[in-house]
file data.txt (compact mmCIF, C-alpha atoms)
# COMPACT_ATOMS: atom_id res chain seq x y z
CA MET A 1 130.84 81.98 112.48
CA SER A 2 132.53 85.33 111.92
CA SER A 3 135.57 86.06 114.00
CA LYS A 4 136.62 89.36 115.52
CA LYS A 5 138.76 91.50 113.26
CA ASN A 6 141.93 93.38 114.03
CA PRO A 7 141.14 97.14 113.90
CA SER A 8 144.67 97.95 112.78
CA ASN A 9 144.14 95.76 109.68
CA ILE A 10 140.92 97.59 108.89
CA LEU A 11 142.54 101.01 109.21
CA THR A 12 145.55 99.91 107.17
CA TYR A 13 143.25 98.87 104.35
CA ILE A 14 141.32 102.14 104.54
CA GLU A 15 144.49 104.24 104.55
CA ASN A 16 145.94 102.35 101.58
CA ASN A 17 142.83 102.10 99.44
CA LEU A 18 140.48 104.99 100.17
CA ILE A 19 141.15 108.45 98.80
CA CYS A 20 142.28 110.83 101.53
CA TRP A 21 139.08 112.31 102.90
CA THR A 22 137.81 114.79 105.43
CA SER A 23 134.36 116.16 106.09
CA GLY A 24 135.85 119.45 107.20
CA ASN A 25 134.35 118.92 110.66
CA GLU A 26 136.48 117.35 113.39
CA LYS A 27 133.55 115.80 115.27
CA ILE A 28 132.20 114.07 112.17
CA ASP A 29 135.67 112.88 111.10
CA ASN A 30 136.21 111.35 114.54
CA PHE A 31 132.78 109.71 114.44
CA VAL A 32 133.45 108.17 111.01
CA ARG A 33 136.77 106.74 112.24
CA LYS A 34 135.12 105.32 115.36
CA MET A 35 132.50 103.62 113.21
CA GLN A 36 135.24 102.11 111.05
CA LEU A 37 136.98 100.76 114.14
CA LYS A 38 133.76 99.04 115.23
CA ILE A 39 133.80 96.65 112.27
CA ASN A 40 133.98 93.17 113.75
CA ASN A 41 132.20 90.80 111.40
CA ASP A 42 131.89 89.99 107.72
CA ASN A 43 128.43 91.49 107.30
CA GLU A 44 129.41 95.03 108.22
CA ILE A 45 130.13 97.69 105.63
CA VAL A 46 132.97 100.21 105.89
CA PHE A 47 131.33 103.39 107.16
CA GLU A 48 132.46 106.38 105.07
CA TRP A 49 132.38 110.10 104.49
CA ILE A 50 130.82 110.18 101.00
CA LEU A 51 131.38 113.07 98.62
CA TYR A 52 128.12 114.53 97.31
CA ASN A 53 129.32 114.30 93.70
CA GLN A 54 129.20 110.52 94.09
CA PHE A 55 125.40 110.68 93.71
CA ASN A 56 123.53 110.58 90.39
CA GLU A 57 119.84 110.52 89.48
CA ILE A 58 118.83 112.37 92.64
CA LYS A 59 115.04 112.50 92.98
CA GLU A 60 112.96 113.80 95.85
CA ILE A 61 110.83 111.13 97.53
CA GLY A 62 109.13 113.24 100.17
CA LYS A 63 109.35 115.61 103.11
CA ASN A 64 108.56 115.31 106.80
CA GLY A 65 109.25 118.40 108.90
CA PRO A 66 112.99 119.22 108.82
CA ILE A 67 113.77 116.10 106.75
CA THR A 68 113.71 115.65 102.99
CA VAL A 69 114.41 112.23 101.52
CA TYR A 70 115.79 111.59 98.05
CA SER A 71 116.53 108.47 96.06
CA ALA A 72 119.87 108.40 94.25
CA LYS A 73 122.47 106.17 92.63
CA TRP A 74 125.79 106.02 94.49
CA LYS A 75 128.46 105.61 91.81
CA ASP A 76 131.10 103.77 93.85
CA GLY A 77 128.63 102.10 96.19
CA PRO A 78 129.19 100.66 99.68
CA LEU A 79 132.45 98.96 100.57
CA TYR A 80 132.31 95.62 102.31
CA LYS A 81 134.27 92.42 102.74
CA LYS A 82 133.29 89.64 100.38
CA ILE A 83 135.21 86.67 101.77
CA ASP A 84 136.48 85.66 105.19
CA THR A 85 140.04 86.93 104.89
CA TRP A 86 141.67 90.27 105.54
CA ASP A 87 143.79 90.52 102.41
CA ASN A 88 143.20 93.58 100.26
CA LYS A 89 141.45 91.62 97.52
CA SER A 90 138.63 90.72 99.89
CA TYR A 91 137.02 94.17 99.72
CA VAL A 92 134.49 94.95 97.01
CA ARG A 93 132.05 97.73 96.19
CA ASP A 94 128.43 97.39 95.13
CA SER A 95 128.69 99.99 92.36
CA ASN A 96 125.77 102.14 91.20
CA LYS A 97 123.87 101.23 94.34
CA LYS A 98 120.41 102.71 94.76
CA VAL A 99 120.35 104.53 98.10
CA ALA A 100 118.16 106.82 100.16
CA LEU A 101 119.55 110.25 101.07
CA LYS A 102 118.07 111.52 104.32
CA CYS A 103 118.76 115.25 104.27
CA LEU A 104 118.52 116.95 107.67
CA HIS A 105 118.01 120.65 107.04
CA ASN A 106 120.17 123.09 109.02
CA SER A 107 121.97 120.12 110.58
CA GLN A 108 125.30 121.91 110.12
CA LYS A 109 124.26 123.94 113.19
CA PHE A 110 123.69 120.81 115.29
CA ILE A 111 126.59 118.41 114.71
CA ASP A 112 125.91 116.41 117.88
CA SER A 113 122.33 115.82 116.71
CA ILE A 114 123.41 114.42 113.34
CA ILE A 115 125.90 112.11 115.07
CA ASN A 116 123.29 110.93 117.59
CA GLU A 117 120.87 110.24 114.73
CA ALA A 118 123.55 108.26 112.87
CA LYS A 119 124.22 106.14 115.97
CA LYS A 120 120.70 104.70 115.76
CA TYR A 121 121.47 102.75 112.59
CA SER A 122 123.19 99.47 111.84
CA ILE A 123 126.21 99.08 109.53
CA ASN A 124 125.26 95.47 108.78
CA HIS A 125 124.70 95.44 105.01
CA GLU A 126 121.85 92.92 105.39
CA ALA A 127 119.95 95.02 107.95
CA LEU A 128 116.55 96.55 107.35
CA GLN A 129 118.04 100.04 107.59
CA THR A 130 121.78 100.17 106.96
CA LEU A 131 123.69 103.42 107.28
CA TYR A 132 126.49 103.54 104.71
CA GLY A 133 127.90 106.89 105.71
CA ILE A 134 127.44 110.64 105.92
CA SER A 135 127.54 113.22 103.14
CA GLN A 136 126.86 116.94 102.78
CA ASN A 137 125.12 119.05 100.18
CA PRO A 138 127.78 121.62 99.20
CA ASP A 139 125.15 124.18 98.17
CA THR A 140 123.11 124.18 101.39
CA GLY A 141 125.59 122.77 103.90
CA ASP A 142 122.93 120.28 105.06
CA TYR A 143 124.28 116.93 106.24
CA ILE A 144 122.90 113.74 104.71
CA LEU A 145 122.60 110.22 106.07
CA VAL A 146 123.17 107.72 103.26
CA GLN A 147 121.01 104.64 103.82
CA ASN A 148 119.87 101.52 102.02
CA ASN A 149 116.21 102.29 102.77
CA TYR A 150 114.22 105.01 104.41
CA ILE A 151 111.09 104.41 106.48
CA TRP A 152 108.84 107.34 107.28
CA ALA A 153 107.47 108.22 110.71
CA SER A 154 103.83 109.14 111.34
CA GLU A 155 104.56 111.77 114.02
CA ASN A 156 102.09 109.92 116.28
CA GLU A 157 103.99 108.23 119.10
CA LYS A 158 101.60 105.29 119.53
CA ILE A 159 101.55 104.50 115.81
CA ASP A 160 105.31 104.86 115.46
CA ASP A 161 105.88 102.59 118.48
CA PHE A 162 103.54 99.97 116.99
CA ILE A 163 105.32 100.09 113.62
CA GLN A 164 108.72 99.82 115.27
CA GLU A 165 107.55 96.88 117.39
CA LYS A 166 106.39 95.05 114.26
CA GLN A 167 109.68 95.76 112.52
CA PHE A 168 111.65 94.34 115.45
CA LYS A 169 109.59 91.13 115.20
CA ILE A 170 110.65 90.44 111.62
CA ASN A 171 112.33 87.04 111.70
CA ASN A 172 111.62 85.58 108.30
CA TYR A 173 112.64 86.71 104.82
CA ASN A 174 109.00 86.29 103.78
CA ASP A 175 107.87 89.11 106.11
CA VAL A 176 107.12 92.47 104.54
CA VAL A 177 108.25 95.54 106.46
CA LEU A 178 105.35 97.32 108.11
CA GLU A 179 105.66 101.03 107.31
CA TRP A 180 104.11 104.44 107.69
CA ILE A 181 103.31 105.34 104.08
CA PRO A 182 102.90 108.99 103.04
CA TYR A 183 99.60 109.47 101.20
CA ASN A 184 101.37 111.04 98.21
CA GLN A 185 102.85 107.59 97.52
CA PHE A 186 99.48 106.53 96.07
CA ASN A 187 98.38 107.07 92.46
CA GLU A 188 95.26 106.08 90.51
CA ILE A 189 93.07 106.10 93.62
CA LYS A 190 89.60 104.70 92.81
CA LEU A 191 86.59 104.09 95.03
CA ILE A 192 85.66 100.41 95.43
CA GLY A 193 82.90 100.65 98.01
CA THR A 194 81.67 101.85 101.40
CA ASN A 195 80.45 99.88 104.42
CA GLY A 196 79.46 101.98 107.42
CA PRO A 197 82.53 103.84 108.75
CA ILE A 198 84.83 102.15 106.23
CA THR A 199 85.54 103.14 102.63
CA VAL A 200 87.81 101.04 100.44
CA TYR A 201 89.81 102.32 97.48
CA SER A 202 92.16 100.70 95.00
CA ALA A 203 95.45 102.46 94.31
CA ILE A 204 98.96 102.06 92.96
CA TRP A 205 101.67 102.37 95.61
CA LYS A 206 104.65 103.97 93.84
CA ASP A 207 107.49 102.59 95.97
CA GLY A 208 105.69 99.38 96.90
CA PRO A 209 106.25 97.02 99.86
CA LEU A 210 109.72 96.42 101.25
CA HIS A 211 110.77 92.78 101.57
CA LYS A 212 113.44 90.22 100.79
CA LYS A 213 113.10 88.02 97.72
CA ASP A 214 114.87 85.18 99.49
CA LYS A 215 117.20 84.53 102.42
CA ARG A 216 120.30 85.67 100.55
CA ASN A 217 118.97 88.90 99.06
CA TYR A 218 118.97 92.46 100.33
CA TYR A 219 115.72 94.25 100.98
CA THR A 220 113.96 95.32 97.81
CA ARG A 221 110.69 96.99 96.84
CA ASP A 222 107.88 95.73 94.64
CA SER A 223 107.35 99.07 92.87
CA ASN A 224 104.01 100.25 91.46
CA LYS A 225 102.15 97.68 93.49
CA GLU A 226 98.35 97.61 93.28
CA VAL A 227 96.96 97.85 96.81
CA ALA A 228 93.68 98.35 98.65
CA LEU A 229 93.30 101.38 100.91
CA LYS A 230 90.92 100.70 103.79
CA CYS A 231 89.91 104.13 105.07
CA LEU A 232 88.57 104.12 108.64
CA HIS A 233 86.67 107.38 109.04
CA ASN A 234 87.36 109.40 112.22
CA SER A 235 89.98 106.83 113.25
CA GLN A 236 92.25 109.69 114.35
CA GLU A 237 89.97 109.95 117.39
CA SER A 238 90.74 106.38 118.51
CA ILE A 239 94.36 105.43 117.79
CA ASP A 240 94.21 102.35 120.06
CA SER A 241 91.27 100.98 118.06
CA LEU A 242 93.16 101.55 114.81
CA ILE A 243 96.22 99.72 116.14
CA ASN A 244 94.10 96.80 117.38
CA LYS A 245 92.59 96.42 113.91
CA ALA A 246 96.06 96.50 112.36
CA LYS A 247 97.23 93.71 114.68
CA LYS A 248 94.75 91.31 113.06
CA TYR A 249 96.59 91.28 109.74
CA PRO A 250 99.55 89.08 108.75
CA THR A 251 102.69 90.65 107.30
CA LYS A 252 103.78 87.70 105.19
CA HIS A 253 104.61 88.84 101.68
CA GLU A 254 102.62 85.97 100.18
CA ALA A 255 99.64 86.21 102.54
CA PHE A 256 96.17 86.52 101.03
CA GLU A 257 95.55 89.80 102.83
CA ALA A 258 98.84 91.26 104.02
CA PHE A 259 99.01 94.44 106.08
CA GLN A 260 101.60 96.97 104.92
call {"tool": "encode", "arguments": {"input": "data.txt", "output": "structure tokens"}}
result
Amino acid sequence: MSSKKNPSNILTYIENNLICWTSGNEKIDNFVRKMQLKINNDNEIVFEWILYNQFNEIKEIGKNGPITVYSAKWKDGPLYKKIDTWDNKSYVRDSNKKVALKCLHNSQKFIDSIINEAKKYSINHEALQTLYGISQNPDTGDYILVQNNYIWASENEKIDDFIQEKQFKINNYNDVVLEWIPYNQFNEIKLIGTNGPITVYSAIWKDGPLHKKDKRNYYTRDSNKEVALKCLHNSQESIDSLINKAKKYPTKHEAFEAFQ
């Protein structure tokens, strides 16, 4: 069982080992320090202000309203405690870590909003969505949430609530993460057949399903996964019916017919 940590030890380590940093915004600096003080178990990463030049191989994944998401490699990677001691040697970085950059456009005008958004996430490095820190694009001024994964929203409250409910119920490493998947994630879409109000296609899902390989691993994706797309015509007119159909499917990664 992890024991509570002494915040002064955490701050001493940060002061002695992290390069002197500032976001240039007092509210964000104070928020980052508060997040660092909240560290109280071995699974939590050290929340950081991350310089934008730490990111390589930045590629756009998609857009949703005022949000653009990119994949990137974080050169230094997240800082966390490897063993159950508080000596300086216990901290390590997961270098060249693949991360998701959630860019909130014009967020520099709404600092409280970016902080409130950041508060929604866990700093547990084994969590489904871990927030490693905050960064900023120096060219646009837009603030960026640096995460392990990014999961899209549908912009339909009922569907988003259903997806979130399913995510909260994940209790086994063999469960895939139910997601809203943007249609542009699918390539090589081919008609398989039609049956009444349903048309089925085969496709390649670029990112692929999010899951854990085993109990000890972080979440990973099975990229370029061949999937079946079951298109329910006019289903936008009956969201409850769509959700009820979705409830019939298992979300086990190894299930014969998993719902993703």
call {"tool": "closest_residue", "arguments": {"input": "data.txt", "among": "A:Asn43, A:Thr220, A:Ser241, A:Gln36", "to": "Asn174 in chain A", "atoms": "only C-alpha atoms"}}
result
A:Thr220
call {"tool": "closest_residue", "arguments": {"input": "data.txt", "among": "A:Gly193, A:Glu157, A:Glu126, A:Thr251", "to": "Lys169 in chain A", "atoms": "all atoms listed in the file"}}
result
A:Thr251
call {"tool": "residues_around", "arguments": {"input": "data.txt", "residues": "Asp207 in chain A", "least_positions_apart": "6", "cutoff": "12 Å", "atoms": "only C-alpha atoms", "output": "PyMOL selection string"}}
result
chain A and resi 61-62+71+149-151+179+181-187+220-227
call {"tool": "write_last_selection", "arguments": {"input": "data.txt", "atoms": "C-alpha atoms", "output": "mmCIF file, in the coordinates of the input"}}
result
data_model
loop_
_atom_site.group_PDB
_atom_site.id
_atom_site.type_symbol
_atom_site.label_atom_id
_atom_site.label_comp_id
_atom_site.auth_asym_id
_atom_site.auth_seq_id
_atom_site.Cartn_x
_atom_site.Cartn_y
_atom_site.Cartn_z
ATOM 1 C CA ILE A 61 110.830 111.130 97.530
ATOM 2 C CA GLY A 62 109.130 113.240 100.170
ATOM 3 C CA SER A 71 116.530 108.470 96.060
ATOM 4 C CA ASN A 149 116.210 102.290 102.770
ATOM 5 C CA TYR A 150 114.220 105.010 104.410
ATOM 6 C CA ILE A 151 111.090 104.410 106.480
ATOM 7 C CA GLU A 179 105.660 101.030 107.310
ATOM 8 C CA ILE A 181 103.310 105.340 104.080
ATOM 9 C CA PRO A 182 102.900 108.990 103.040
ATOM 10 C CA TYR A 183 99.600 109.470 101.200
ATOM 11 C CA ASN A 184 101.370 111.040 98.210
ATOM 12 C CA GLN A 185 102.850 107.590 97.520
ATOM 13 C CA PHE A 186 99.480 106.530 96.070
ATOM 14 C CA ASN A 187 98.380 107.070 92.460
ATOM 15 C CA THR A 220 113.960 95.320 97.810
ATOM 16 C CA ARG A 221 110.690 96.990 96.840
ATOM 17 C CA ASP A 222 107.880 95.730 94.640
ATOM 18 C CA SER A 223 107.350 99.070 92.870
ATOM 19 C CA ASN A 224 104.010 100.250 91.460
ATOM 20 C CA LYS A 225 102.150 97.680 93.490
ATOM 21 C CA GLU A 226 98.350 97.610 93.280
ATOM 22 C CA VAL A 227 96.960 97.850 96.810
#
call {"tool": "residues_around", "arguments": {"input": "data.txt", "residues": "Trp21 in chain A", "least_positions_apart": "3", "cutoff": "9 Å", "atoms": "all atoms listed in the file", "output": "list of chain:residue names"}}
result
A:Leu18, A:Gly24, A:Asp29, A:Trp49, A:Ile50, A:Leu51
call {"tool": "closest_residue", "arguments": {"input": "data.txt", "among": "A:Ser95, A:Gln236, A:Asn56, A:Thr199", "to": "Ser154 in chain A", "atoms": "only C-alpha atoms"}}
result
A:Gln236
call {"tool": "residues_around", "arguments": {"input": "data.txt", "residues": "Leu104 in chain A", "least_positions_apart": "4", "cutoff": "8 Å", "atoms": "only C-alpha atoms", "output": "PDB file with C-alpha atoms, keeping the file's coordinate frame"}}
result
ATOM      1  CA  PRO A  66     112.990 119.220 108.820  1.00  0.00           C
ATOM      2  CA  ILE A  67     113.770 116.100 106.750  1.00  0.00           C
ATOM      3  CA  THR A  68     113.710 115.650 102.990  1.00  0.00           C
ATOM      4  CA  ILE A 114     123.410 114.420 113.340  1.00  0.00           C
ATOM      5  CA  ASP A 142     122.930 120.280 105.060  1.00  0.00           C
ATOM      6  CA  TYR A 143     124.280 116.930 106.240  1.00  0.00           C
ATOM      7  CA  ILE A 144     122.900 113.740 104.710  1.00  0.00           C
TER       8      ILE A 144
END
call {"tool": "atom_distance", "arguments": {"input": "data.txt", "atom1": "CA of Trp74 in chain A", "atom2": "CA of Lys102 in chain A"}}
result
13.7 Å
call {"tool": "atom_distance", "arguments": {"input": "data.txt", "atom1": "CA of Leu210 in chain A", "atom2": "CA of Ile198 in chain A"}}
result
26.0 Å
call {"tool": "atom_distance", "arguments": {"input": "data.txt", "atom1": "CA of Ile204 in chain A", "atom2": "CA of Glu188 in chain A"}}
result
6.0 Å
call {"tool": "axis_aligned_box", "arguments": {"input": "data.txt", "around": "range 167-182 of chain A", "padding_each_side": "3 Å", "output": "JSON"}}
result
{"center_x": 107.8, "center_y": 97.3, "center_z": 109.2, "size_x": 15.7, "size_y": 29.4, "size_z": 18.4}
call {"tool": "residues_around", "arguments": {"input": "data.txt", "residues": "range 129-138 of chain A", "least_positions_apart": "2", "cutoff": "7 Å", "atoms": "all atoms listed in the file", "output": "PDB file with C-alpha atoms, keeping the file's coordinate frame"}}
result
ATOM      1  CA  ILE A  45     130.130  97.690 105.630  1.00  0.00           C
ATOM      2  CA  PHE A  47     131.330 103.390 107.160  1.00  0.00           C
ATOM      3  CA  GLU A  48     132.460 106.380 105.070  1.00  0.00           C
ATOM      4  CA  TRP A  49     132.380 110.100 104.490  1.00  0.00           C
ATOM      5  CA  ILE A  50     130.820 110.180 101.000  1.00  0.00           C
ATOM      6  CA  LEU A  51     131.380 113.070  98.620  1.00  0.00           C
ATOM      7  CA  TYR A  52     128.120 114.530  97.310  1.00  0.00           C
ATOM      8  CA  PRO A  78     129.190 100.660  99.680  1.00  0.00           C
ATOM      9  CA  TYR A 121     121.470 102.750 112.590  1.00  0.00           C
ATOM     10  CA  SER A 122     123.190  99.470 111.840  1.00  0.00           C
ATOM     11  CA  ILE A 123     126.210  99.080 109.530  1.00  0.00           C
ATOM     12  CA  ASN A 124     125.260  95.470 108.780  1.00  0.00           C
ATOM     13  CA  HIS A 125     124.700  95.440 105.010  1.00  0.00           C
ATOM     14  CA  ALA A 127     119.950  95.020 107.950  1.00  0.00           C
ATOM     15  CA  THR A 140     123.110 124.180 101.390  1.00  0.00           C
ATOM     16  CA  GLY A 141     125.590 122.770 103.900  1.00  0.00           C
ATOM     17  CA  ASP A 142     122.930 120.280 105.060  1.00  0.00           C
ATOM     18  CA  TYR A 143     124.280 116.930 106.240  1.00  0.00           C
ATOM     19  CA  ILE A 144     122.900 113.740 104.710  1.00  0.00           C
ATOM     20  CA  LEU A 145     122.600 110.220 106.070  1.00  0.00           C
ATOM     21  CA  VAL A 146     123.170 107.720 103.260  1.00  0.00           C
ATOM     22  CA  GLN A 147     121.010 104.640 103.820  1.00  0.00           C
ATOM     23  CA  ASN A 148     119.870 101.520 102.020  1.00  0.00           C
ATOM     24  CA  ASN A 149     116.210 102.290 102.770  1.00  0.00           C
TER      25      ASN A 149
END
call {"tool": "decode", "arguments": {"input": "data.txt", "residues": "range 215-242 of chain A", "atoms": "N, CA and C atoms", "output": "compact mmCIF listing (two decimals), in the first residue's frame"}}
result
# COMPACT_ATOMS: atom_id res chain seq x y z
N LYS A 215 -2.11 -6.56 -17.18
CA LYS A 215 -2.37 -5.78 -15.97
C LYS A 215 -1.30 -4.74 -15.69
N ARG A 216 -0.08 -4.99 -16.14
CA ARG A 216 1.03 -4.11 -15.79
C ARG A 216 1.28 -3.02 -16.82
N ASN A 217 0.66 -3.11 -17.98
CA ASN A 217 0.96 -2.18 -19.06
C ASN A 217 0.08 -0.94 -19.03
N TYR A 218 0.58 0.11 -19.69
CA TYR A 218 -0.21 1.30 -19.91
C TYR A 218 -1.22 1.01 -21.03
N TYR A 219 -2.13 1.94 -21.22
CA TYR A 219 -3.06 1.81 -22.34
C TYR A 219 -2.30 1.97 -23.66
N THR A 220 -2.70 1.16 -24.63
CA THR A 220 -2.07 1.20 -25.94
C THR A 220 -3.14 1.02 -27.00
N ARG A 221 -2.79 1.30 -28.24
CA ARG A 221 -3.75 1.15 -29.34
C ARG A 221 -3.29 0.08 -30.32
N ASP A 222 -4.26 -0.62 -30.85
CA ASP A 222 -4.02 -1.64 -31.87
C ASP A 222 -4.25 -0.96 -33.22
N SER A 223 -3.22 -0.27 -33.71
CA SER A 223 -3.35 0.60 -34.89
C SER A 223 -3.68 -0.18 -36.16
N ASN A 224 -4.35 0.53 -37.09
CA ASN A 224 -4.73 -0.03 -38.39
C ASN A 224 -5.50 -1.34 -38.24
N LYS A 225 -6.47 -1.28 -37.35
CA LYS A 225 -7.29 -2.45 -37.03
C LYS A 225 -8.43 -2.58 -38.04
N GLU A 226 -8.62 -3.78 -38.58
CA GLU A 226 -9.76 -4.02 -39.46
C GLU A 226 -11.02 -4.15 -38.61
N VAL A 227 -12.04 -3.38 -38.96
CA VAL A 227 -13.28 -3.36 -38.18
C VAL A 227 -14.48 -3.43 -39.12
N ALA A 228 -15.64 -3.70 -38.53
CA ALA A 228 -16.91 -3.66 -39.26
C ALA A 228 -17.68 -2.42 -38.81
N LEU A 229 -18.20 -1.69 -39.77
CA LEU A 229 -19.01 -0.50 -39.48
C LEU A 229 -20.48 -0.85 -39.74
N LYS A 230 -21.26 -0.87 -38.68
CA LYS A 230 -22.68 -1.21 -38.78
C LYS A 230 -23.47 0.09 -38.82
N CYS A 231 -23.87 0.50 -40.00
CA CYS A 231 -24.54 1.79 -40.19
C CYS A 231 -26.05 1.63 -40.02
N LEU A 232 -26.60 2.31 -39.01
CA LEU A 232 -28.04 2.26 -38.74
C LEU A 232 -28.68 3.51 -39.33
N HIS A 233 -29.34 3.37 -40.45
CA HIS A 233 -29.87 4.51 -41.18
C HIS A 233 -30.95 5.23 -40.36
N ASN A 234 -30.88 6.57 -40.40
CA ASN A 234 -31.83 7.44 -39.68
C ASN A 234 -31.78 7.26 -38.16
N SER A 235 -30.69 6.70 -37.66
CA SER A 235 -30.57 6.47 -36.21
C SER A 235 -30.45 7.78 -35.44
N GLN A 236 -30.09 8.86 -36.13
CA GLN A 236 -30.01 10.16 -35.45
C GLN A 236 -31.37 10.62 -34.95
N GLU A 237 -32.43 9.99 -35.47
CA GLU A 237 -33.78 10.36 -35.04
C GLU A 237 -34.21 9.62 -33.78
N SER A 238 -33.45 8.61 -33.38
CA SER A 238 -33.80 7.82 -32.19
C SER A 238 -32.52 7.44 -31.44
N ILE A 239 -31.97 8.39 -30.70
CA ILE A 239 -30.71 8.17 -29.98
C ILE A 239 -30.86 7.08 -28.92
N ASP A 240 -32.02 7.06 -28.24
CA ASP A 240 -32.23 6.04 -27.20
C ASP A 240 -32.17 4.63 -27.78
N SER A 241 -32.75 4.46 -28.97
CA SER A 241 -32.72 3.15 -29.63
C SER A 241 -31.29 2.76 -29.99
N LEU A 242 -30.52 3.72 -30.46
CA LEU A 242 -29.11 3.47 -30.80
C LEU A 242 -28.33 3.03 -29.57
